[in-house]
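Before any comments, here is the structure.
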Amino acid sequence: MNIGIVCYPTYGGSGVVATELGKALALRGHKVHFITYKQPARLDIFTGNTFYHEVYVSSYPLFDFPPYETALTSHLVDVVKFEKLDLLHVHYAIPHASAAIMAKNILAMEGIHIPVITTLHGTDITLVGKDASFEPVVCYSINMSDGVTTVSQSLKDDTYSHFRVTRHIEVIPNFIDLERFSKKDHSHFKKAIAPNGEKLLVHTSNFRKVKRIDDALKVFAEVYKKMPAKLLLMGDGPERINIEKLCRELDLCDAVTFLGKQNQVQEILSVCDLFLMPSETESFGLAALEAMACELPVISSNAGGIPELNVEGETGFLCDVGDVAGMAAKAIWLLEDEARLTQFKENAKKRAEQFDINQIVPLYEQFYKEVIANSKLISVKALG
Ligand code: GMT
């Protein structure tokens, strides 16, 4: 197949999933065209089957808000036409789905049929999409797509409850490359950051409010009272300044390290003992899956789709959003017994194996085939 992928090129979960999916599809022989405003962060290999089309937005004194969606739409029309794409797969509803639907309509006027699949990732539905200023466009784009997927059952349920959507939604969960994300021996690195055998807790995110990193810090503060421990914070974003401030207030600066954005996430996860994900909402929790693949149990909130990944009492524990005391108690219980911790680490890895990229990518391929076949049928009926 000749597939166009539209995504955010940043470190966010939707961009990571879109890029890893595109890379995997390319390795399976498909031609994959990434269409976005910057080279995707994880687009680090070239197989000969991957192509990158950069979207430029012209500046003009009148444009207080450069019209990215319009530039993207025009670029999609161009790429679909000249690269003869079979399918557009857009990740994150805003503004990718509406741009793709507009491109589809423009192309239809020239007799070119392009099926559009929209994958909803989370905040495009649970936070941004619900915003009254976006709601009609998000709803329209979902209904007009030829196929829609969500990354969890929970996000599918949220989509039906927040929007007037009646169409079928396919659930295809996040996935993981188990060759890349597996525990590696980095004892030299572990010795450097935990020279006295401290337990290592870790959190990775885009440092947005929804991640409740302050809760992660407060959970760590309780653990730190009970045992020698350190907290690694990976990623960056708007909340970092507040978290640094809280670190000082809680007198934790010596025990907390801000690592910033990292490419080799798996190397850092490999030396850690426990992952913290206290999110307010989380459609799936890709960061937790990456951690589990590196043998880390997870202490999380029970928000959104996290319970579809983290299994209570087996791969970690789930508490209500904001229940810092509960999360801290579970973290301490896990970390204070080596045999127990080892068992949870093994369980986490086994659970992650159920989301193996080699099992999930064929689900997308199958869905692509179904959508292409059905949309051809519909467009033939419309003509006749
Ligand atoms: O985590 C984020 O806020 C980034 C966001 C995104 O869309 O880039 O991630 C969402 O998509 C990921 C991949 O499908 C999911 O694993 C994350 O759970 C989801 N984040 C939220 O729902 C908050």
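In the structure tokens, the first chain shown is A, the next is B, and so on; residue numbers restart at 1 for each chain, and ligands run from 1 in the order shown.
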Spatial neighbours of Met1 in chain A, max dist 9 Å, only C-alpha atoms, sep filter under 5 positions, as JSON, numbers by chain
{"A": [29, 30, 31, 32, 85, 86, 87]}
Sort by chain and increasing residue number a table of all residues of chain A within 6 Å of ligand 1, each with its closest pair of atoms and their distance in Å to one decimal, counting only C-alpha atoms and all ligand atoms, and write it as a tab-separated table.
residue	atom	partner	partner_atom_place_in_ligand_line	distance
A:Gly12	CA	ligand 1	8 (O)	3.7
A:Gly13	CA	ligand 1	8 (O)	3.8
A:Ser14	CA	ligand 1	8 (O)	3.7
A:Gly15	CA	ligand 1	8 (O)	5.7
A:Val17	CA	ligand 1	13 (C)	5.8
A:His121	CA	ligand 1	11 (O)	4.3
A:Gly122	CA	ligand 1	22 (O)	3.7
A:Thr123	CA	ligand 1	22 (O)	5.0
A:Val151	CA	ligand 1	14 (O)	5.6
A:Asn174	CA	ligand 1	14 (O)	5.8
A:Thr281	CA	ligand 1	23 (C)	5.3
A:Glu282	CA	ligand 1	22 (O)	3.5
A:Ser283	CA	ligand 1	22 (O)	3.8
A:Phe284	CA	ligand 1	18 (O)	3.9
A:Gly285	CA	ligand 1	18 (O)	3.7
A:Leu286	CA	ligand 1	16 (O)	3.7
Please produce a file of the residues just selected, as an mmCIF file, in the first residue's frame, where the atoms kept are N, CA and C atoms.
data_model
loop_
_atom_site.group_PDB
_atom_site.id
_atom_site.type_symbol
_atom_site.label_atom_id
_atom_site.label_comp_id
_atom_site.auth_asym_id
_atom_site.auth_seq_id
_atom_site.Cartn_x
_atom_site.Cartn_y
_atom_site.Cartn_z
ATOM 1 N N GLY A 12 5.314 13.862 21.764
ATOM 2 C CA GLY A 12 4.032 13.428 22.339
ATOM 3 C C GLY A 12 3.662 12.027 21.883
ATOM 4 N N GLY A 13 2.813 11.377 22.669
ATOM 5 C CA GLY A 13 2.449 9.979 22.415
ATOM 6 C C GLY A 13 1.876 9.740 21.032
ATOM 7 N N SER A 14 1.013 10.648 20.553
ATOM 8 C CA SER A 14 0.373 10.388 19.258
ATOM 9 C C SER A 14 1.409 10.420 18.134
ATOM 10 N N GLY A 15 2.370 11.340 18.235
ATOM 11 C CA GLY A 15 3.425 11.429 17.221
ATOM 12 C C GLY A 15 4.326 10.210 17.256
ATOM 13 N N VAL A 17 3.478 7.137 18.331
ATOM 14 C CA VAL A 17 2.733 5.983 17.790
ATOM 15 C C VAL A 17 2.676 6.061 16.263
ATOM 16 N N HIS A 121 -6.348 9.839 19.833
ATOM 17 C CA HIS A 121 -5.293 9.429 20.767
ATOM 18 C C HIS A 121 -5.586 9.746 22.223
ATOM 19 N N GLY A 122 -6.432 10.708 22.488
ATOM 20 C CA GLY A 122 -6.690 10.980 23.910
ATOM 21 C C GLY A 122 -7.159 12.392 24.141
ATOM 22 N N THR A 123 -6.209 13.304 24.314
ATOM 23 C CA THR A 123 -6.606 14.673 24.658
ATOM 24 C C THR A 123 -7.383 15.337 23.519
ATOM 25 N N VAL A 151 -7.271 4.295 20.772
ATOM 26 C CA VAL A 151 -6.176 3.485 21.317
ATOM 27 C C VAL A 151 -6.604 2.698 22.555
ATOM 28 N N ASN A 174 -2.147 0.896 21.735
ATOM 29 C CA ASN A 174 -0.737 1.264 21.527
ATOM 30 C C ASN A 174 0.092 -0.025 21.514
ATOM 31 N N THR A 281 -6.064 12.321 33.217
ATOM 32 C CA THR A 281 -6.693 11.484 32.191
ATOM 33 C C THR A 281 -5.549 10.875 31.382
ATOM 34 N N GLU A 282 -5.813 9.714 30.832
ATOM 35 C CA GLU A 282 -4.771 9.017 30.054
ATOM 36 C C GLU A 282 -5.510 8.006 29.206
ATOM 37 N N SER A 283 -5.501 8.187 27.897
ATOM 38 C CA SER A 283 -6.315 7.288 27.072
ATOM 39 C C SER A 283 -5.742 5.875 27.055
ATOM 40 N N PHE A 284 -4.435 5.754 27.113
ATOM 41 C CA PHE A 284 -3.803 4.431 27.131
ATOM 42 C C PHE A 284 -2.631 4.419 28.114
ATOM 43 N N GLY A 285 -1.641 5.294 27.873
ATOM 44 C CA GLY A 285 -0.466 5.332 28.753
ATOM 45 C C GLY A 285 0.741 4.678 28.106
ATOM 46 N N LEU A 286 1.094 5.169 26.907
ATOM 47 C CA LEU A 286 2.220 4.589 26.169
ATOM 48 C C LEU A 286 3.514 4.615 27.003
#
Write down as a VMD selection string the residues of range 5-136 of chain A whose backbone DSSP state falls under helix (DSSP H, G or I).
chain A and resid 13 to 27 68 to 83 93 to 109 123 to 126 135 to 136
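Distances here use only C-alpha atoms; by that measure, the residue among A:Gly322, A:Gly316, A:Gly147, A:Pro40 closest to Arg167 in chain A is A:Gly147.
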Please return, as number ranges by chain, all residues of range 113-314 of chain A that DSSP assigns to strand (DSSP E) on the basis of the backbone.
A: 116-120, 147-150, 170-171, 199-204, 229-234, 256-260, 274-277, 298-301
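For the pair CA of Ser98 in chain A and CA of Val80 in chain A, the separation is 15.7 Å.
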Sorted per-residue table, range 75-194 of chain A near range 348-364 of chain A, closest atoms and distance, 6 Å, only C-alpha atoms, as a Markdown table:
| residue | atom | partner | partner_atom | distance |
| --- | --- | --- | --- | --- |
| A:Phe175 | CA | A:Phe355 | CA | 4.8 |
| A:Ile176 | CA | A:Ile357 | CA | 5.0 |
| A:Asp177 | CA | A:Ile357 | CA | 5.3 |
With N, CA, C and O atoms kept, could you save the residues just selected as a short mmCIF file (atom, residue, chain, number, x, y, z; two decimals), in the first residue's frame?
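Result written to again39.cif:
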data_model
loop_
_atom_site.label_atom_id
_atom_site.label_comp_id
_atom_site.auth_asym_id
_atom_site.auth_seq_id
_atom_site.Cartn_x
_atom_site.Cartn_y
_atom_site.Cartn_z
N PHE A 175 1.28 0.06 20.97
CA PHE A 175 2.12 -1.13 20.81
C PHE A 175 3.56 -0.78 21.18
O PHE A 175 3.90 0.40 21.37
N ILE A 176 4.39 -1.81 21.24
CA ILE A 176 5.77 -1.59 21.67
C ILE A 176 6.74 -2.46 20.88
O ILE A 176 6.43 -3.62 20.59
N ASP A 177 7.87 -1.89 20.55
CA ASP A 177 8.94 -2.64 19.89
C ASP A 177 9.77 -3.28 20.99
O ASP A 177 10.57 -2.61 21.65
#
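For the choices A:Val57, A:Val219, A:Cys247, A:Leu341, the atom-to-atom distance to Met277 in chain A is smallest for A:Val219 when using only C-alpha atoms.
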What's around Arg340 in chain A at 12 Å? Count only C-alpha atoms, leave out sequence neighbours fewer than 3 positions away in its own chain, and write the answer as an mmCIF file with all heavy atoms, in the first residue's frame.
data_model
loop_
_atom_site.group_PDB
_atom_site.id
_atom_site.type_symbol
_atom_site.label_atom_id
_atom_site.label_comp_id
_atom_site.auth_asym_id
_atom_site.auth_seq_id
_atom_site.Cartn_x
_atom_site.Cartn_y
_atom_site.Cartn_z
ATOM 1 N N ASP A 273 13.495 1.102 38.965
ATOM 2 C CA ASP A 273 12.745 0.068 39.689
ATOM 3 C C ASP A 273 11.239 0.238 39.616
ATOM 4 O O ASP A 273 10.499 -0.736 39.749
ATOM 5 C CB ASP A 273 13.148 0.097 41.176
ATOM 6 C CG ASP A 273 14.610 -0.229 41.362
ATOM 7 O OD1 ASP A 273 14.991 -1.383 41.093
ATOM 8 O OD2 ASP A 273 15.388 0.684 41.732
ATOM 9 N N PRO A 297 7.426 -2.193 37.195
ATOM 10 C CA PRO A 297 6.029 -2.134 37.636
ATOM 11 C C PRO A 297 5.562 -0.681 37.634
ATOM 12 O O PRO A 297 6.387 0.236 37.632
ATOM 13 C CB PRO A 297 6.079 -2.675 39.072
ATOM 14 C CG PRO A 297 7.461 -3.144 39.301
ATOM 15 C CD PRO A 297 8.344 -2.553 38.254
ATOM 16 N N GLY A 313 -2.376 -5.228 41.272
ATOM 17 C CA GLY A 313 -1.813 -6.304 42.092
ATOM 18 C C GLY A 313 -0.957 -7.288 41.319
ATOM 19 O O GLY A 313 -0.505 -8.291 41.857
ATOM 20 N N GLU A 314 -0.738 -7.012 40.016
ATOM 21 C CA GLU A 314 0.040 -7.953 39.216
ATOM 22 C C GLU A 314 1.220 -7.239 38.545
ATOM 23 O O GLU A 314 2.367 -7.647 38.676
ATOM 24 C CB GLU A 314 -0.888 -8.560 38.165
ATOM 25 C CG GLU A 314 -0.328 -9.804 37.512
ATOM 26 C CD GLU A 314 -1.307 -10.358 36.491
ATOM 27 O OE1 GLU A 314 -2.496 -10.539 36.817
ATOM 28 O OE2 GLU A 314 -0.864 -10.587 35.343
ATOM 29 N N THR A 315 0.893 -6.157 37.828
ATOM 30 C CA THR A 315 1.964 -5.395 37.166
ATOM 31 C C THR A 315 2.199 -4.075 37.896
ATOM 32 O O THR A 315 3.047 -3.288 37.499
ATOM 33 C CB THR A 315 1.587 -5.085 35.696
ATOM 34 O OG1 THR A 315 0.413 -4.275 35.688
ATOM 35 C CG2 THR A 315 1.326 -6.352 34.924
ATOM 36 N N GLY A 316 1.407 -3.815 38.914
ATOM 37 C CA GLY A 316 1.525 -2.581 39.684
ATOM 38 C C GLY A 316 0.247 -2.343 40.444
ATOM 39 O O GLY A 316 -0.492 -3.292 40.737
ATOM 40 N N LYS A 330 1.409 1.971 48.266
ATOM 41 C CA LYS A 330 1.634 0.843 47.348
ATOM 42 C C LYS A 330 3.082 0.831 46.856
ATOM 43 O O LYS A 330 3.702 -0.240 46.736
ATOM 44 C CB LYS A 330 0.687 0.927 46.143
ATOM 45 C CG LYS A 330 -0.776 0.794 46.485
ATOM 46 C CD LYS A 330 -1.094 -0.571 47.058
ATOM 47 C CE LYS A 330 -2.591 -0.752 47.267
ATOM 48 N NZ LYS A 330 -2.919 -1.942 48.049
ATOM 49 N N ALA A 331 3.611 2.011 46.584
ATOM 50 C CA ALA A 331 5.001 2.087 46.098
ATOM 51 C C ALA A 331 5.957 1.547 47.170
ATOM 52 O O ALA A 331 6.849 0.738 46.875
ATOM 53 C CB ALA A 331 5.349 3.530 45.738
ATOM 54 N N ILE A 332 5.732 1.964 48.410
ATOM 55 C CA ILE A 332 6.618 1.518 49.504
ATOM 56 C C ILE A 332 6.502 -0.002 49.680
ATOM 57 O O ILE A 332 7.498 -0.715 49.792
ATOM 58 C CB ILE A 332 6.262 2.279 50.816
ATOM 59 C CG1 ILE A 332 6.625 3.765 50.644
ATOM 60 C CG2 ILE A 332 6.972 1.659 52.023
ATOM 61 C CD1 ILE A 332 5.995 4.699 51.662
ATOM 62 N N TRP A 333 5.253 -0.495 49.673
ATOM 63 C CA TRP A 333 5.008 -1.935 49.843
ATOM 64 C C TRP A 333 5.767 -2.738 48.773
ATOM 65 O O TRP A 333 6.332 -3.787 49.061
ATOM 66 C CB TRP A 333 3.495 -2.191 49.752
ATOM 67 C CG TRP A 333 3.093 -3.613 50.002
ATOM 68 C CD1 TRP A 333 2.930 -4.220 51.214
ATOM 69 C CD2 TRP A 333 2.810 -4.612 49.012
ATOM 70 N NE1 TRP A 333 2.572 -5.530 51.045
ATOM 71 C CE2 TRP A 333 2.487 -5.803 49.701
ATOM 72 C CE3 TRP A 333 2.808 -4.625 47.620
ATOM 73 C CZ2 TRP A 333 2.155 -6.990 49.032
ATOM 74 C CZ3 TRP A 333 2.464 -5.812 46.973
ATOM 75 C CH2 TRP A 333 2.148 -6.967 47.661
ATOM 76 N N LEU A 334 5.773 -2.222 47.555
ATOM 77 C CA LEU A 334 6.457 -2.921 46.459
ATOM 78 C C LEU A 334 7.972 -2.859 46.599
ATOM 79 O O LEU A 334 8.675 -3.863 46.415
ATOM 80 C CB LEU A 334 6.088 -2.257 45.133
ATOM 81 C CG LEU A 334 5.159 -2.987 44.199
ATOM 82 C CD1 LEU A 334 4.915 -2.181 42.940
ATOM 83 C CD2 LEU A 334 5.737 -4.344 43.837
ATOM 84 N N LEU A 335 8.455 -1.672 46.923
ATOM 85 C CA LEU A 335 9.910 -1.449 46.898
ATOM 86 C C LEU A 335 10.630 -2.047 48.099
ATOM 87 O O LEU A 335 11.832 -2.309 48.052
ATOM 88 C CB LEU A 335 10.215 0.055 46.825
ATOM 89 C CG LEU A 335 9.837 0.746 45.506
ATOM 90 C CD1 LEU A 335 9.913 2.269 45.652
ATOM 91 C CD2 LEU A 335 10.750 0.292 44.357
ATOM 92 N N GLU A 336 9.886 -2.271 49.210
ATOM 93 C CA GLU A 336 10.590 -2.707 50.430
ATOM 94 C C GLU A 336 10.865 -4.212 50.443
ATOM 95 O O GLU A 336 11.569 -4.699 51.318
ATOM 96 C CB GLU A 336 9.820 -2.266 51.679
ATOM 97 C CG GLU A 336 8.504 -2.975 51.869
ATOM 98 C CD GLU A 336 7.634 -2.353 52.960
ATOM 99 O OE1 GLU A 336 8.034 -1.343 53.562
ATOM 100 O OE2 GLU A 336 6.543 -2.899 53.185
ATOM 101 N N ASP A 337 10.324 -4.940 49.487
ATOM 102 C CA ASP A 337 10.539 -6.397 49.472
ATOM 103 C C ASP A 337 11.096 -6.784 48.095
ATOM 104 O O ASP A 337 10.387 -6.730 47.083
ATOM 105 C CB ASP A 337 9.199 -7.095 49.732
ATOM 106 C CG ASP A 337 9.347 -8.602 49.809
ATOM 107 O OD1 ASP A 337 10.087 -9.185 48.989
ATOM 108 O OD2 ASP A 337 8.711 -9.213 50.688
ATOM 109 N N GLN A 343 9.067 -10.122 41.276
ATOM 110 C CA GLN A 343 7.885 -10.771 40.699
ATOM 111 C C GLN A 343 7.069 -9.768 39.867
ATOM 112 O O GLN A 343 6.650 -10.057 38.742
ATOM 113 C CB GLN A 343 7.027 -11.352 41.824
ATOM 114 C CG GLN A 343 5.811 -12.132 41.328
ATOM 115 C CD GLN A 343 6.224 -13.325 40.444
ATOM 116 O OE1 GLN A 343 6.957 -14.203 40.898
ATOM 117 N NE2 GLN A 343 5.778 -13.336 39.191
ATOM 118 N N PHE A 344 6.858 -8.581 40.409
ATOM 119 C CA PHE A 344 6.094 -7.553 39.690
ATOM 120 C C PHE A 344 6.824 -7.117 38.415
ATOM 121 O O PHE A 344 6.198 -6.828 37.402
ATOM 122 C CB PHE A 344 5.825 -6.332 40.590
ATOM 123 C CG PHE A 344 4.570 -6.463 41.416
ATOM 124 C CD1 PHE A 344 4.518 -7.341 42.496
ATOM 125 C CD2 PHE A 344 3.432 -5.736 41.112
ATOM 126 C CE1 PHE A 344 3.357 -7.473 43.251
ATOM 127 C CE2 PHE A 344 2.265 -5.860 41.853
ATOM 128 C CZ PHE A 344 2.227 -6.730 42.934
ATOM 129 N N LYS A 345 8.156 -7.084 38.487
ATOM 130 C CA LYS A 345 8.930 -6.700 37.301
ATOM 131 C C LYS A 345 8.709 -7.729 36.183
ATOM 132 O O LYS A 345 8.498 -7.378 35.021
ATOM 133 C CB LYS A 345 10.431 -6.603 37.639
ATOM 134 C CG LYS A 345 10.789 -5.343 38.425
ATOM 135 C CD LYS A 345 12.277 -5.264 38.716
ATOM 136 C CE LYS A 345 12.635 -3.946 39.392
ATOM 137 N NZ LYS A 345 14.051 -3.769 39.664
ATOM 138 N N GLU A 346 8.750 -9.008 36.563
ATOM 139 C CA GLU A 346 8.525 -10.074 35.557
ATOM 140 C C GLU A 346 7.120 -9.967 34.976
ATOM 141 O O GLU A 346 6.913 -10.100 33.769
ATOM 142 C CB GLU A 346 8.716 -11.451 36.205
ATOM 143 C CG GLU A 346 10.169 -11.852 36.333
ATOM 144 C CD GLU A 346 10.368 -13.078 37.227
ATOM 145 O OE1 GLU A 346 9.403 -13.834 37.446
ATOM 146 O OE2 GLU A 346 11.511 -13.231 37.727
ATOM 147 N N ASN A 347 6.141 -9.730 35.871
ATOM 148 C CA ASN A 347 4.749 -9.627 35.406
ATOM 149 C C ASN A 347 4.579 -8.454 34.432
ATOM 150 O O ASN A 347 3.840 -8.545 33.449
ATOM 151 C CB ASN A 347 3.794 -9.388 36.591
ATOM 152 C CG ASN A 347 3.797 -10.550 37.567
ATOM 153 O OD1 ASN A 347 4.320 -11.617 37.268
ATOM 154 N ND2 ASN A 347 3.229 -10.336 38.748
#
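Nearest to Ser205 in chain A of all the residues A:Phe275, A:Tyr52, A:Tyr140, A:Phe367 is A:Phe275, counting only C-alpha atoms.
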Check which residues of range 234-321 of chain A sit at most 12 Å from range 187-190 of chain A using only C-alpha atoms, and return one row each with the closest pair of atoms and their distance in Å to one decimal, ordered by chain and rising number, as CSV.
residue,atom,partner,partner_atom,distance
A:Glu267,CA,A:Phe189,CA,9.0
A:Ile268,CA,A:Phe189,CA,8.5
A:Leu269,CA,A:Lys190,CA,10.4
A:Ser270,CA,A:Lys190,CA,9.0
A:Val271,CA,A:Lys190,CA,5.6
A:Cys272,CA,A:Lys190,CA,8.1
A:Asp273,CA,A:Lys190,CA,10.8
Print the selection's residues with C-alpha atoms to a file, as a CSV table (one decimal), in the first residue's frame.
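Below is the file that was written, part.csv:
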chain,number,residue,atom,x,y,z
A,267,GLU,CA,18.4,3.0,28.5
A,268,ILE,CA,17.2,5.1,31.4
A,269,LEU,CA,14.2,2.9,32.1
A,270,SER,CA,16.5,-0.1,32.2
A,271,VAL,CA,18.2,1.0,35.4
A,272,CYS,CA,15.0,1.9,37.3
A,273,ASP,CA,12.7,0.1,39.7
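The coordinates place CA of Leu296 in chain A at 18.5 Å from CA of Asn263 in chain A.
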Give me the residues near Cys139 in chain A as a ChimeraX atom specification, where near means some atom within 7 Å (using only C-alpha atoms) and where sequence neighbours in that chain fewer than 2 positions away do not count.
/A:135-137,141-143,163-165
Would you list the contacts of Val202 in chain A as number ranges by chain, taking every protein, DNA or RNA residue within 6 Å and counting only C-alpha atoms, but skipping same-chain residues closer than 5 positions in sequence?
A: 231-233, 275
Which residues come within 7 Å of Glu69 in chain A, counting only C-alpha atoms, excluding same-chain residues fewer than 3 positions away, as a count of residues only?
4
